[in-house]
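Let me begin by presenting the structure, written as structure tokens, before commenting on it.
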Amino acid sequence: MTRPELLVSRCGSCTVRYLPRAGPCPHCGASNPVPYPIPSEGVVLAATELLSPSQGWTAPHRLALVELAESVRVLAVVRGPLPEAGGRVAVTRDGEIYLAETDVPTR
């Protein structure tokens, strides 16, 4: 099954890739970002589970730092069990929140 791609920004000047955001390129300061698709699958660098999260979030609240293609890193809310470092997850975007799905088959 092919997963959908995730759109990130690519600077039109220095070509660095980063998560879409308001403002100039975080690397060179240019203001000409271009939408750039990358695979939505990534590797978990670290994960944690909060048993007493901030108001408005349910416990347990799981977070994972995920490295995607092009060295783009994202902090995502985990849906499913807490993944281990080195595990693979699929990342999607829901408004301003990134979500990590743990049901990615191993290759």
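In the structure tokens, chains take the letters A, B, ... in the order shown, each chain's residues start at 1, and ligands count up from 1 in the order shown.
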Within 7 Å of Tyr18 in chain A using only C-alpha atoms, minus same-chain residues under 2 positions, as JSON, numbers by chain: {"A": [8, 9, 10, 16, 20, 72]}
Selection above as a file: N, CA and C atoms, as a PDB file, in the first residue's frame:
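The file below, result-v2.pdb, is the result:
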ATOM      1  N   VAL A   8       6.119  19.583   2.536  1.00  0.00           N
ATOM      2  CA  VAL A   8       6.972  20.443   3.343  1.00  0.00           C
ATOM      3  C   VAL A   8       7.328  21.638   2.468  1.00  0.00           C
ATOM      4  N   SER A   9       8.118  22.553   2.995  1.00  0.00           N
ATOM      5  CA  SER A   9       8.569  23.704   2.213  1.00  0.00           C
ATOM      6  C   SER A   9      10.027  23.500   1.825  1.00  0.00           C
ATOM      7  N   ARG A  10      10.359  23.932   0.612  1.00  0.00           N
ATOM      8  CA  ARG A  10      11.746  23.925   0.146  1.00  0.00           C
ATOM      9  C   ARG A  10      12.079  25.361  -0.217  1.00  0.00           C
ATOM     10  N   VAL A  16      17.038  24.291   1.324  1.00  0.00           N
ATOM     11  CA  VAL A  16      16.815  23.554   2.576  1.00  0.00           C
ATOM     12  C   VAL A  16      15.335  23.204   2.673  1.00  0.00           C
ATOM     13  N   PRO A  20       6.278  23.570   6.836  1.00  0.00           N
ATOM     14  CA  PRO A  20       5.643  24.833   6.440  1.00  0.00           C
ATOM     15  C   PRO A  20       5.350  25.703   7.659  1.00  0.00           C
ATOM     16  N   VAL A  72      14.068  16.132   7.400  1.00  0.00           N
ATOM     17  CA  VAL A  72      13.021  16.936   8.041  1.00  0.00           C
ATOM     18  C   VAL A  72      12.585  16.195   9.299  1.00  0.00           C
TER      19      VAL A  72
END
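Shell of Glu5 in chain A at 12 Å, with only C-alpha atoms counted and residues fewer than 6 places along the chain excluded, is Pro35, Tyr36, Pro37, Ile38, Pro39, Ser40, Glu41, Gly42, Leu68, Ala69, Ala90, Val91, Thr92 and Arg93 of chain A.
Among the candidate residues A:Ser54, A:Arg3, A:Cys14, A:Val43, the one lying nearest to Ala30 in chain A is A:Cys14, with distances computed using only C-alpha atoms.
Shortest atom-to-atom contact with Arg62 in chain A among A:Cys28, A:Leu45, A:Pro83, A:Pro4: A:Pro83, counting only C-alpha atoms.
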Please identify all polymer residues within 12 Å of Gly87 in chain A, counting only C-alpha atoms, omitting same-chain residues fewer than 2 positions from it, and present them as an mmCIF file with C-alpha atoms, in the first residue's frame.
data_model
loop_
_atom_site.group_PDB
_atom_site.id
_atom_site.type_symbol
_atom_site.label_atom_id
_atom_site.label_comp_id
_atom_site.auth_asym_id
_atom_site.auth_seq_id
_atom_site.Cartn_x
_atom_site.Cartn_y
_atom_site.Cartn_z
ATOM 1 C CA GLU A 41 6.998 7.467 6.434
ATOM 2 C CA GLY A 42 9.806 8.160 8.906
ATOM 3 C CA VAL A 43 12.002 6.752 11.651
ATOM 4 C CA VAL A 44 11.323 7.415 15.344
ATOM 5 C CA LEU A 45 14.281 9.144 17.000
ATOM 6 C CA ALA A 46 12.661 9.374 20.448
ATOM 7 C CA ALA A 47 9.230 8.890 22.005
ATOM 8 C CA ALA A 64 7.381 11.019 18.979
ATOM 9 C CA LEU A 65 10.234 12.871 17.332
ATOM 10 C CA VAL A 66 10.295 11.531 13.773
ATOM 11 C CA GLU A 67 12.904 11.994 11.073
ATOM 12 C CA PRO A 81 1.023 2.271 21.131
ATOM 13 C CA LEU A 82 4.216 4.141 22.010
ATOM 14 C CA PRO A 83 6.785 3.372 19.292
ATOM 15 C CA GLU A 84 10.383 2.462 20.050
ATOM 16 C CA ALA A 85 13.367 4.448 18.796
ATOM 17 C CA VAL A 89 5.733 5.466 11.618
ATOM 18 C CA ALA A 90 3.575 7.247 9.044
ATOM 19 C CA ALA A 100 2.138 9.556 13.804
ATOM 20 C CA GLU A 101 0.476 6.232 13.026
ATOM 21 C CA THR A 102 2.315 3.228 14.413
ATOM 22 C CA ASP A 103 0.835 0.616 12.091
ATOM 23 C CA VAL A 104 3.572 0.857 9.430
ATOM 24 C CA PRO A 105 4.638 -2.577 8.172
ATOM 25 C CA THR A 106 8.333 -3.406 8.344
ATOM 26 C CA ARG A 107 10.191 -3.817 5.089
#
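Between CA of Leu7 in chain A and CA of Ala22 in chain A the interatomic distance comes to 14.7 Å.
CA of Val78 in chain A is positioned 7.8 Å from CA of His61 in chain A.
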Residues flagged strand (DSSP E) by DSSP in chain A, as JSON, numbers by chain: {"A": [5, 6, 7, 8, 9, 10, 11, 17, 18, 33, 34, 35, 36, 37, 38, 39, 41, 42, 43, 44, 45, 46, 47, 48, 49, 50, 61, 62, 63, 64, 65, 66, 67, 73, 74, 75, 76, 77, 78, 79, 88, 89, 90, 91, 92, 93, 94, 97, 98, 99, 100, 101]}
Residue with smallest distance to Leu75 in chain A - pool A:Leu6, A:Ala59, A:Leu51, A:Leu19, counting only C-alpha atoms: A:Leu19
Between CA of Leu63 in chain A and CA of Arg21 in chain A - distance in Å to one decimal: 20.4 Å
